[in-house]
Structures are given as structure tokens and as C-alpha cells.
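This is target12.pdb (PDB, C-alpha atoms).
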ATOM      1  CA  MET A 762      60.996 127.348 176.250
ATOM      2  CA  LEU A 763      59.135 124.385 174.756
ATOM      3  CA  GLN A 764      56.259 126.639 173.670
ATOM      4  CA  ALA A 765      58.676 129.047 171.970
ATOM      5  CA  LEU A 766      60.282 126.179 170.076
ATOM      6  CA  LYS A 767      56.911 124.685 169.101
ATOM      7  CA  LYS A 768      56.259 127.984 167.285
ATOM      8  CA  LEU A 769      59.088 127.004 164.916
ATOM      9  CA  THR A 770      57.167 123.894 163.750
ATOM     10  CA  PRO A 771      55.712 125.608 160.645
ATOM     11  CA  LYS A 772      59.277 126.495 159.604
ATOM     12  CA  LEU A 773      60.510 122.892 159.666
ATOM     13  CA  LYS A 774      61.799 121.787 156.261
ATOM     14  CA  LYS A 775      62.712 118.379 154.924
ATOM     15  CA  ASP A 776      66.345 117.692 155.667
ATOM     16  CA  HIS A 777      68.259 116.539 152.579
ATOM     17  CA  SER A 778      71.180 115.097 154.530
ATOM     18  CA  PHE A 779      71.710 111.369 154.902
ATOM     19  CA  ALA A 780      68.987 111.408 157.565
ATOM     20  CA  THR A 781      65.718 109.957 156.278
ATOM     21  CA  LYS A 782      62.481 111.994 156.623
ATOM     22  CA  ARG A 783      63.952 114.286 159.270
ATOM     23  CA  LYS A 784      62.867 117.947 159.341
ATOM     24  CA  SER A 785      64.900 120.909 160.598
ATOM     25  CA  ALA A 786      64.597 124.615 161.317
ATOM     26  CA  LEU A 787      66.953 127.304 162.525
ATOM     27  CA  VAL A 788      66.598 128.379 166.165
ATOM     28  CA  PRO A 789      66.827 132.197 166.158
ATOM     29  CA  VAL A 790      69.517 133.771 168.330
ATOM     30  CA  THR A 791      66.659 135.695 170.014
ATOM     31  CA  SER A 792      65.065 132.431 171.216
ATOM     32  CA  PRO A 793      65.018 131.559 174.945
ATOM     33  CA  ALA A 794      66.533 128.190 173.956
ATOM     34  CA  TYR A 795      69.502 129.929 172.372
ATOM     35  CA  ALA A 796      70.038 132.026 175.486
ATOM     36  CA  LEU A 797      69.776 128.964 177.730
ATOM     37  CA  TRP A 798      72.157 126.718 175.789
ATOM     38  CA  THR A 799      74.798 129.368 175.175
ATOM     39  CA  GLY A 800      74.465 131.063 178.558
ATOM     40  CA  LYS A 801      76.935 131.185 181.428
ATOM     41  CA  GLN A 802      75.571 128.195 183.368
ATOM     42  CA  MET A 803      75.742 125.846 180.354
ATOM     43  CA  ARG A 804      79.177 127.132 179.334
ATOM     44  CA  GLU A 805      80.536 126.519 182.838
ATOM     45  CA  ARG A 806      79.104 122.994 182.997
ATOM     46  CA  LEU A 807      80.620 122.052 179.642
ATOM     47  CA  GLN A 808      83.925 123.743 180.348
ATOM     48  CA  ALA A 809      84.282 121.544 183.424
ATOM     49  CA  LEU A 810      84.199 118.526 181.075
ATOM     50  CA  THR A 811      86.383 119.758 178.216
ATOM     51  CA  GLN A 812      90.072 120.512 177.893
ATOM     52  CA  PRO A 813      90.740 123.116 176.656
ATOM     53  CA  GLU A 814      87.551 124.891 177.640
ATOM     54  CA  ALA A 815      84.804 124.817 175.016
ATOM     55  CA  VAL A 816      82.670 127.813 174.060
ATOM     56  CA  PRO A 817      79.465 128.009 171.983
ATOM     57  CA  GLY A 818      80.231 127.432 168.326
ATOM     58  CA  ASP A 819      79.177 129.862 165.613
ATOM     59  CA  PHE A 820      77.279 127.196 163.667
ATOM     60  CA  PRO A 821      73.522 127.883 163.934
ATOM     61  CA  MET A 822      71.420 126.054 166.500
ATOM     62  CA  GLU A 823      68.735 123.795 165.003
ATOM     63  CA  ILE A 824      65.481 122.218 166.062
ATOM     64  CA  ARG A 825      65.018 118.807 164.470
ATOM     65  CA  LEU A 826      61.959 116.603 164.234
ATOM     66  CA  TYR A 827      62.019 112.854 163.679
ATOM     67  CA  PRO A 828      58.435 111.991 162.607
ATOM     68  CA  LEU A 829      57.144 108.541 161.599
ATOM     69  CA  GLY A 830      59.624 106.818 159.282
ATOM     70  CA  ALA A 831      62.521 109.128 160.150
ATOM     71  CA  SER A 832      65.981 107.782 160.949
ATOM     72  CA  MET A 833      69.660 108.592 160.616
ATOM     73  CA  ASP A 834      72.050 105.880 159.494
ATOM     74  CA  TRP A 835      75.408 105.022 161.070
ATOM     75  CA  HIS A 836      77.859 107.910 160.824
ATOM     76  CA  VAL A 837      80.610 109.864 162.520
ATOM     77  CA  ASP A 838      79.919 113.605 162.881
ATOM     78  CA  ASP A 839      81.765 115.835 160.419
ATOM     79  CA  LEU A 840      84.739 117.756 161.735
ATOM     80  CA  MET A 841      83.776 121.385 161.090
ATOM     81  CA  TYR A 842      86.451 123.078 163.216
ATOM     82  CA  GLN A 843      90.197 122.431 163.356
ATOM     83  CA  GLU A 844      89.676 121.091 166.866
ATOM     84  CA  PRO A 845      86.786 118.588 167.090
ATOM     85  CA  GLN A 846      83.580 120.308 168.139
ATOM     86  CA  TYR A 847      81.191 118.925 170.732
ATOM     87  CA  GLU A 848      77.766 118.231 169.253
ATOM     88  CA  LEU A 849      75.031 118.554 171.850
ATOM     89  CA  VAL A 850      71.630 116.951 171.341
ATOM     90  CA  TYR A 851      68.955 118.066 173.778
ATOM     91  CA  THR A 852      65.743 116.006 173.640
ATOM     92  CA  LEU A 853      62.721 118.276 173.891
ATOM     93  CA  ASP A 854      60.072 115.598 173.513
ATOM     94  CA  ASN A 855      60.127 111.901 172.678
ATOM     95  CA  THR A 856      57.020 109.774 172.206
ATOM     96  CA  SER A 857      58.832 107.573 169.690
ATOM     97  CA  ASP A 858      60.171 104.048 169.804
ATOM     98  CA  SER A 859      63.439 105.264 168.249
ATOM     99  CA  TYR A 860      66.817 104.765 169.929
ATOM    100  CA  THR A 861      70.185 106.450 169.610
ATOM    101  CA  GLU A 862      72.785 103.745 169.152
ATOM    102  CA  PHE A 863      76.553 104.097 169.346
ATOM    103  CA  GLU A 864      79.613 101.875 169.152
ATOM    104  CA  ASP A 865      82.184 101.885 171.920
ATOM    105  CA  SER A 866      85.922 101.500 171.252
ATOM    106  CA  SER A 867      85.597  97.692 171.209
ATOM    107  CA  GLY A 868      82.828  97.825 168.573
ATOM    108  CA  ARG A 869      80.048  96.902 170.996
ATOM    109  CA  VAL A 870      76.727  98.638 170.215
ATOM    110  CA  HIS A 871      74.829 100.459 172.980
ATOM    111  CA  SER A 872      71.245 101.732 172.722
ATOM    112  CA  ILE A 873      69.732 104.725 174.512
ATOM    113  CA  TRP A 874      66.117 105.853 174.475
ATOM    114  CA  ALA A 875      66.515 109.620 174.790
ATOM    115  CA  GLN A 876      64.273 110.846 177.579
ATOM    116  CA  PRO A 877      62.716 114.299 177.274
ATOM    117  CA  ASN A 878      64.917 116.888 178.988
ATOM    118  CA  SER A 879      68.072 114.812 178.456
ATOM    119  CA  LEU A 880      71.352 115.876 176.846
ATOM    120  CA  LEU A 881      73.704 113.768 174.742
ATOM    121  CA  VAL A 882      77.210 115.100 174.018
ATOM    122  CA  ILE A 883      79.205 113.655 171.116
ATOM    123  CA  ARG A 884      82.658 114.772 170.047
ATOM    124  CA  ALA A 885      82.919 115.199 166.267
ATOM    125  CA  ALA A 886      85.083 112.742 164.328
ATOM    126  CA  GLY A 887      84.683 110.401 167.303
ATOM    127  CA  VAL A 888      82.104 107.766 168.073
ATOM    128  CA  ARG A 889      80.026 106.133 165.325
ATOM    129  CA  HIS A 890      76.301 106.449 166.026
ATOM    130  CA  ARG A 891      72.809 106.413 164.500
ATOM    131  CA  VAL A 892      69.130 107.068 165.205
ATOM    132  CA  THR A 893      66.878 104.050 164.598
ATOM    133  CA  THR A 894      63.681 104.363 162.542
ATOM    134  CA  VAL A 895      60.651 105.924 164.209
ATOM    135  CA  SER A 896      57.734 103.514 163.782
ATOM    136  CA  GLU A 897      55.481 105.188 166.358
ATOM    137  CA  GLY A 898      55.358 108.643 167.904
ATOM    138  CA  GLU A 899      57.955 111.313 167.153
ATOM    139  CA  ARG A 900      61.081 112.828 168.631
ATOM    140  CA  SER A 901      62.105 116.494 168.709
ATOM    141  CA  ILE A 902      65.572 117.753 169.592
ATOM    142  CA  ILE A 903      67.718 120.852 169.658
ATOM    143  CA  LYS A 904      71.185 120.406 168.187
ATOM    144  CA  PHE A 905      73.962 122.881 168.893
ATOM    145  CA  LEU A 906      77.744 122.968 169.007
ATOM    146  CA  TYR A 907      80.489 123.909 171.402
ATOM    147  CA  THR A 908      84.068 124.258 170.209
ATOM    148  CA  THR A 909      87.568 124.919 171.494
ATOM    149  CA  SER A 910      88.575 126.684 168.250
ATOM    150  CA  TYR A 911      86.755 128.915 165.763
ATOM    151  CA  ASP A 912      89.222 127.865 163.027
ATOM    152  CA  LYS A 913      87.032 126.080 160.494
ATOM    153  CA  THR A 914      87.614 123.160 158.159
ATOM    154  CA  GLU A 915      86.341 123.112 154.564
ATOM    155  CA  LEU A 916      83.398 120.996 155.727
ATOM    156  CA  TYR A 917      81.988 123.857 157.800
ATOM    157  CA  SER A 918      80.713 125.809 154.793
ATOM    158  CA  GLN A 919      79.571 122.629 153.005
ATOM    159  CA  VAL A 920      77.460 121.554 155.990
ATOM    160  CA  LEU A 921      76.123 125.085 156.450
ATOM    161  CA  ASP A 922      75.222 125.428 152.764
ATOM    162  CA  SER A 923      73.357 122.092 152.788
ATOM    163  CA  ALA A 924      71.153 122.988 155.778
ATOM    164  CA  PRO A 925      67.438 122.875 154.873
ATOM    165  CA  TRP A 926      66.744 126.246 156.496
ATOM    166  CA  ARG A 927      69.257 127.830 154.074
ATOM    167  CA  ARG A 928      67.003 126.992 151.101
TER     168      ARG A 928
END

What does this structure look like when you write it as C-alpha cells?
Amino acid sequence: MLQALKKLTPKLKKDHSFATKRKSALVPVTSPAYALWTGKQMRERLQALTQPEAVPGDFPMEIRLYPLGASMDWHVDDLMYQEPQYELVYTLDNTSDSYTEFEDSSGRVHSIWAQPNSLLVIRAAGVRHRVTTVSEGERSIIKFLYTTSYDKTELYSQVLDSAPWRR
């Protein structure tokens, strides 16, 4: 799977979101990664955690690269479906010194160094989080969504239209 995703590297484009120096590319639906993360085993594992049961969203899967100098400031994920989607961040590789930080309900900040082959699940419109600046190495992830409703908010098309792989 990693080799198939590495082939997408030439397609990475500068991300013009609020993330700094991040690059992104679309993961084709024919990719082994797409099949893995939307397949039966993953769906069943996530459905055991969500109520009602979540299914793969119809927002495209992305590969994202955080090279030297890249970061993403504090934010709460946009609500793209009427029911908050689950944003899944799978770390492919991480040789960086960057951390994912999030605030708990009391405002206390926690830091996580995302190990390769680890998965972080964040519910949209929920926890405030960020990715600290990469000052050595790089980090590559796959980001994809699960949802309990395909009913979209207005933000869905805005986020889709702003994706770097759409340009």
C-alpha cells in the first residue's frame, strides 16, 4: 500500500487552506488504500465505536505531506454533513519532530507524536487541534471521512472546491 501511495507524490500540490506549506493529492478510488479504509473490516471497527453506525463518506480521500516548515494552526474541523463526520488521519510515515496537539474539555493541551501506522479519529465540529511546525523530517498521512448521514452542509462544496487537487 505504501508503495502505491508513494506513486502519488508527483501529484502533490500546495494546499491553499489555512495549513502552511502542506501538500495534498487525491487518492484514487482504485487505490489499495481506498479499498482498505472503506472496506468491510474498517467499517465494522468504526461502526462499533459510533452511534448511529458510520459509513465511508463521499468526500474524496487525500494523501497529505507535511514537509519542512509545514504546520496547521489551531482549528475545529468543518462540519460538512448534517451529522458531524468522523475525520480519520492515518499516519503513513513520520520522520518529523511535529506533534498533533488537541485541547480536552477543560482546555488542557495534549500532544501526540503520530507513529507510522497509527490512526487518529476526530469528530468534526468537536475538539480543537493543530499540527505543530515540522523543523526536521516530514510526515505523510491519509485523510478520509466516515459519516452517519450523506446530507451535506453548505461547507461541503466550499471545502471540496478549495481542494488543491481540484485545480

For Arg900 in chain A, which residue out of A:Met822, A:Ala886, A:Ala875, A:Leu840 is the nearest one, using all atoms listed in the file?
-> A:Ala875

I'd like a table as CSV: residues in range 803-825 of chain A with an atom no more than 12 Å from range 769-780 of chain A, each row giving the shortest atom pair and its distance in Å to one decimal, all atoms listed in the file counted, sorted by chain and rising residue number.
residue,atom,partner,partner_atom,distance
A:Glu823,CA,A:Leu773,CA,9.8
A:Ile824,CA,A:Leu769,CA,8.1
A:Arg825,CA,A:Leu773,CA,7.8

Write out, as a Markdown table, each residue of range 817-901 of chain A that has an atom at most 10 Å from range 802-812 of chain A, together with the closest pair of atoms and their distance in Å to one decimal, counting all atoms listed in the file, rows going by chain and rising number.
| residue | atom | partner | partner_atom | distance |
| --- | --- | --- | --- | --- |
| A:Pro817 | CA | A:Arg804 | CA | 7.4 |
| A:Tyr847 | CA | A:Thr811 | CA | 9.1 |
| A:Val882 | CA | A:Leu807 | CA | 9.6 |

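Counting from CA of Trp835 in chain A, the distance to CA of Thr909 in chain A is 25.5 Å.
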
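Taking only C-alpha atoms into account, Gly818 in chain A lies nearest to A:Tyr795 out of the set A:Tyr860, A:Trp874, A:Tyr851, A:Tyr795.
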
Starting from the displayed file, determine the output of the PyMOL selection byres ((chain A and resi 852) around 8) and express the residue list as a ChimeraX atom specification.
-> /A:850-851,853-855,875-880,900-903

Deliver the residues from the most recent selection as a file, using C-alpha atoms, as a PDB file, keeping the file's coordinate frame.
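That gives us part_7.pdb:
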ATOM      1  CA  VAL A 850      71.630 116.951 171.341  1.00  0.00           C
ATOM      2  CA  TYR A 851      68.955 118.066 173.778  1.00  0.00           C
ATOM      3  CA  LEU A 853      62.721 118.276 173.891  1.00  0.00           C
ATOM      4  CA  ASP A 854      60.072 115.598 173.513  1.00  0.00           C
ATOM      5  CA  ASN A 855      60.127 111.901 172.678  1.00  0.00           C
ATOM      6  CA  ALA A 875      66.515 109.620 174.790  1.00  0.00           C
ATOM      7  CA  GLN A 876      64.273 110.846 177.579  1.00  0.00           C
ATOM      8  CA  PRO A 877      62.716 114.299 177.274  1.00  0.00           C
ATOM      9  CA  ASN A 878      64.917 116.888 178.988  1.00  0.00           C
ATOM     10  CA  SER A 879      68.072 114.812 178.456  1.00  0.00           C
ATOM     11  CA  LEU A 880      71.352 115.876 176.846  1.00  0.00           C
ATOM     12  CA  ARG A 900      61.081 112.828 168.631  1.00  0.00           C
ATOM     13  CA  SER A 901      62.105 116.494 168.709  1.00  0.00           C
ATOM     14  CA  ILE A 902      65.572 117.753 169.592  1.00  0.00           C
ATOM     15  CA  ILE A 903      67.718 120.852 169.658  1.00  0.00           C
TER      16      ILE A 903
END

Taking every listed atom of range 824-832 of chain A and adding 5 Å to each side, what centre and edge lengths in Å (one decimal) does the axis-aligned box have, as lines of an AutoDock Vina configuration file?
center_x = 61.6
center_y = 114.5
center_z = 162.7
size_x = 18.8
size_y = 25.4
size_z = 16.8

Provide range 827-846 of chain A rebuilt to N, CA, C and O atoms, formatted as an mmCIF file, in the coordinates of the input.
data_model
loop_
_atom_site.group_PDB
_atom_site.id
_atom_site.type_symbol
_atom_site.label_atom_id
_atom_site.label_comp_id
_atom_site.auth_asym_id
_atom_site.auth_seq_id
_atom_site.Cartn_x
_atom_site.Cartn_y
_atom_site.Cartn_z
ATOM 1 N N TYR A 827 61.999 114.200 164.240
ATOM 2 C CA TYR A 827 62.019 112.854 163.679
ATOM 3 C C TYR A 827 60.590 112.330 163.732
ATOM 4 O O TYR A 827 60.167 111.772 164.731
ATOM 5 N N PRO A 828 59.807 112.505 162.633
ATOM 6 C CA PRO A 828 58.435 111.991 162.607
ATOM 7 C C PRO A 828 58.427 110.504 162.211
ATOM 8 O O PRO A 828 59.502 109.892 162.062
ATOM 9 N N LEU A 829 57.254 109.939 162.024
ATOM 10 C CA LEU A 829 57.144 108.541 161.599
ATOM 11 C C LEU A 829 58.016 108.289 160.374
ATOM 12 O O LEU A 829 58.012 109.073 159.423
ATOM 13 N N GLY A 830 58.778 107.208 160.400
ATOM 14 C CA GLY A 830 59.624 106.818 159.282
ATOM 15 C C GLY A 830 60.996 107.469 159.265
ATOM 16 O O GLY A 830 61.843 107.105 158.452
ATOM 17 N N ALA A 831 61.233 108.425 160.146
ATOM 18 C CA ALA A 831 62.521 109.128 160.150
ATOM 19 C C ALA A 831 63.600 108.287 160.828
ATOM 20 O O ALA A 831 63.329 107.507 161.746
ATOM 21 N N SER A 832 64.819 108.460 160.360
ATOM 22 C CA SER A 832 65.981 107.782 160.949
ATOM 23 C C SER A 832 67.243 108.506 160.495
ATOM 24 O O SER A 832 67.184 109.390 159.648
ATOM 25 N N MET A 833 68.360 108.106 161.056
ATOM 26 C CA MET A 833 69.660 108.592 160.616
ATOM 27 C C MET A 833 70.614 107.417 160.699
ATOM 28 O O MET A 833 70.796 106.836 161.773
ATOM 29 N N ASP A 834 71.210 107.065 159.573
ATOM 30 C CA ASP A 834 72.050 105.880 159.494
ATOM 31 C C ASP A 834 73.372 106.085 160.258
ATOM 32 O O ASP A 834 73.700 107.185 160.689
ATOM 33 N N TRP A 835 74.118 104.983 160.386
ATOM 34 C CA TRP A 835 75.408 105.022 161.070
ATOM 35 C C TRP A 835 76.299 106.084 160.449
ATOM 36 O O TRP A 835 76.409 106.192 159.226
ATOM 37 N N HIS A 836 76.952 106.878 161.297
ATOM 38 C CA HIS A 836 77.859 107.910 160.824
ATOM 39 C C HIS A 836 78.754 108.390 161.962
ATOM 40 O O HIS A 836 78.505 108.094 163.128
ATOM 41 N N VAL A 837 79.763 109.126 161.589
ATOM 42 C CA VAL A 837 80.610 109.864 162.520
ATOM 43 C C VAL A 837 80.416 111.326 162.165
ATOM 44 O O VAL A 837 80.432 111.695 160.984
ATOM 45 N N ASP A 838 80.189 112.185 163.154
ATOM 46 C CA ASP A 838 79.919 113.605 162.881
ATOM 47 C C ASP A 838 81.092 114.269 162.179
ATOM 48 O O ASP A 838 82.259 114.027 162.512
ATOM 49 N N ASP A 839 80.750 115.114 161.194
ATOM 50 C CA ASP A 839 81.765 115.835 160.419
ATOM 51 C C ASP A 839 82.570 116.769 161.314
ATOM 52 O O ASP A 839 82.027 117.426 162.204
ATOM 53 N N LEU A 840 83.833 116.848 161.021
ATOM 54 C CA LEU A 840 84.739 117.756 161.735
ATOM 55 C C LEU A 840 84.647 119.119 161.050
ATOM 56 O O LEU A 840 85.120 119.294 159.934
ATOM 57 N N MET A 841 83.990 120.074 161.704
ATOM 58 C CA MET A 841 83.776 121.385 161.090
ATOM 59 C C MET A 841 84.752 122.448 161.584
ATOM 60 O O MET A 841 84.849 123.515 160.997
ATOM 61 N N TYR A 842 85.435 122.163 162.678
ATOM 62 C CA TYR A 842 86.451 123.078 163.216
ATOM 63 C C TYR A 842 87.783 122.335 163.284
ATOM 64 O O TYR A 842 87.815 121.094 163.314
ATOM 65 N N GLN A 843 88.872 123.060 163.308
ATOM 66 C CA GLN A 843 90.197 122.431 163.356
ATOM 67 C C GLN A 843 90.344 121.532 164.581
ATOM 68 O O GLN A 843 91.004 120.504 164.523
ATOM 69 N N GLU A 844 89.744 121.934 165.672
ATOM 70 C CA GLU A 844 89.676 121.091 166.866
ATOM 71 C C GLU A 844 88.267 120.492 166.877
ATOM 72 O O GLU A 844 87.294 121.216 166.636
ATOM 73 N N PRO A 845 88.124 119.201 167.148
ATOM 74 C CA PRO A 845 86.786 118.588 167.090
ATOM 75 C C PRO A 845 85.778 119.317 167.990
ATOM 76 O O PRO A 845 86.044 119.578 169.160
ATOM 77 N N GLN A 846 84.642 119.657 167.382
ATOM 78 C CA GLN A 846 83.580 120.308 168.139
ATOM 79 C C GLN A 846 82.802 119.266 168.945
ATOM 80 O O GLN A 846 82.839 118.076 168.653
#
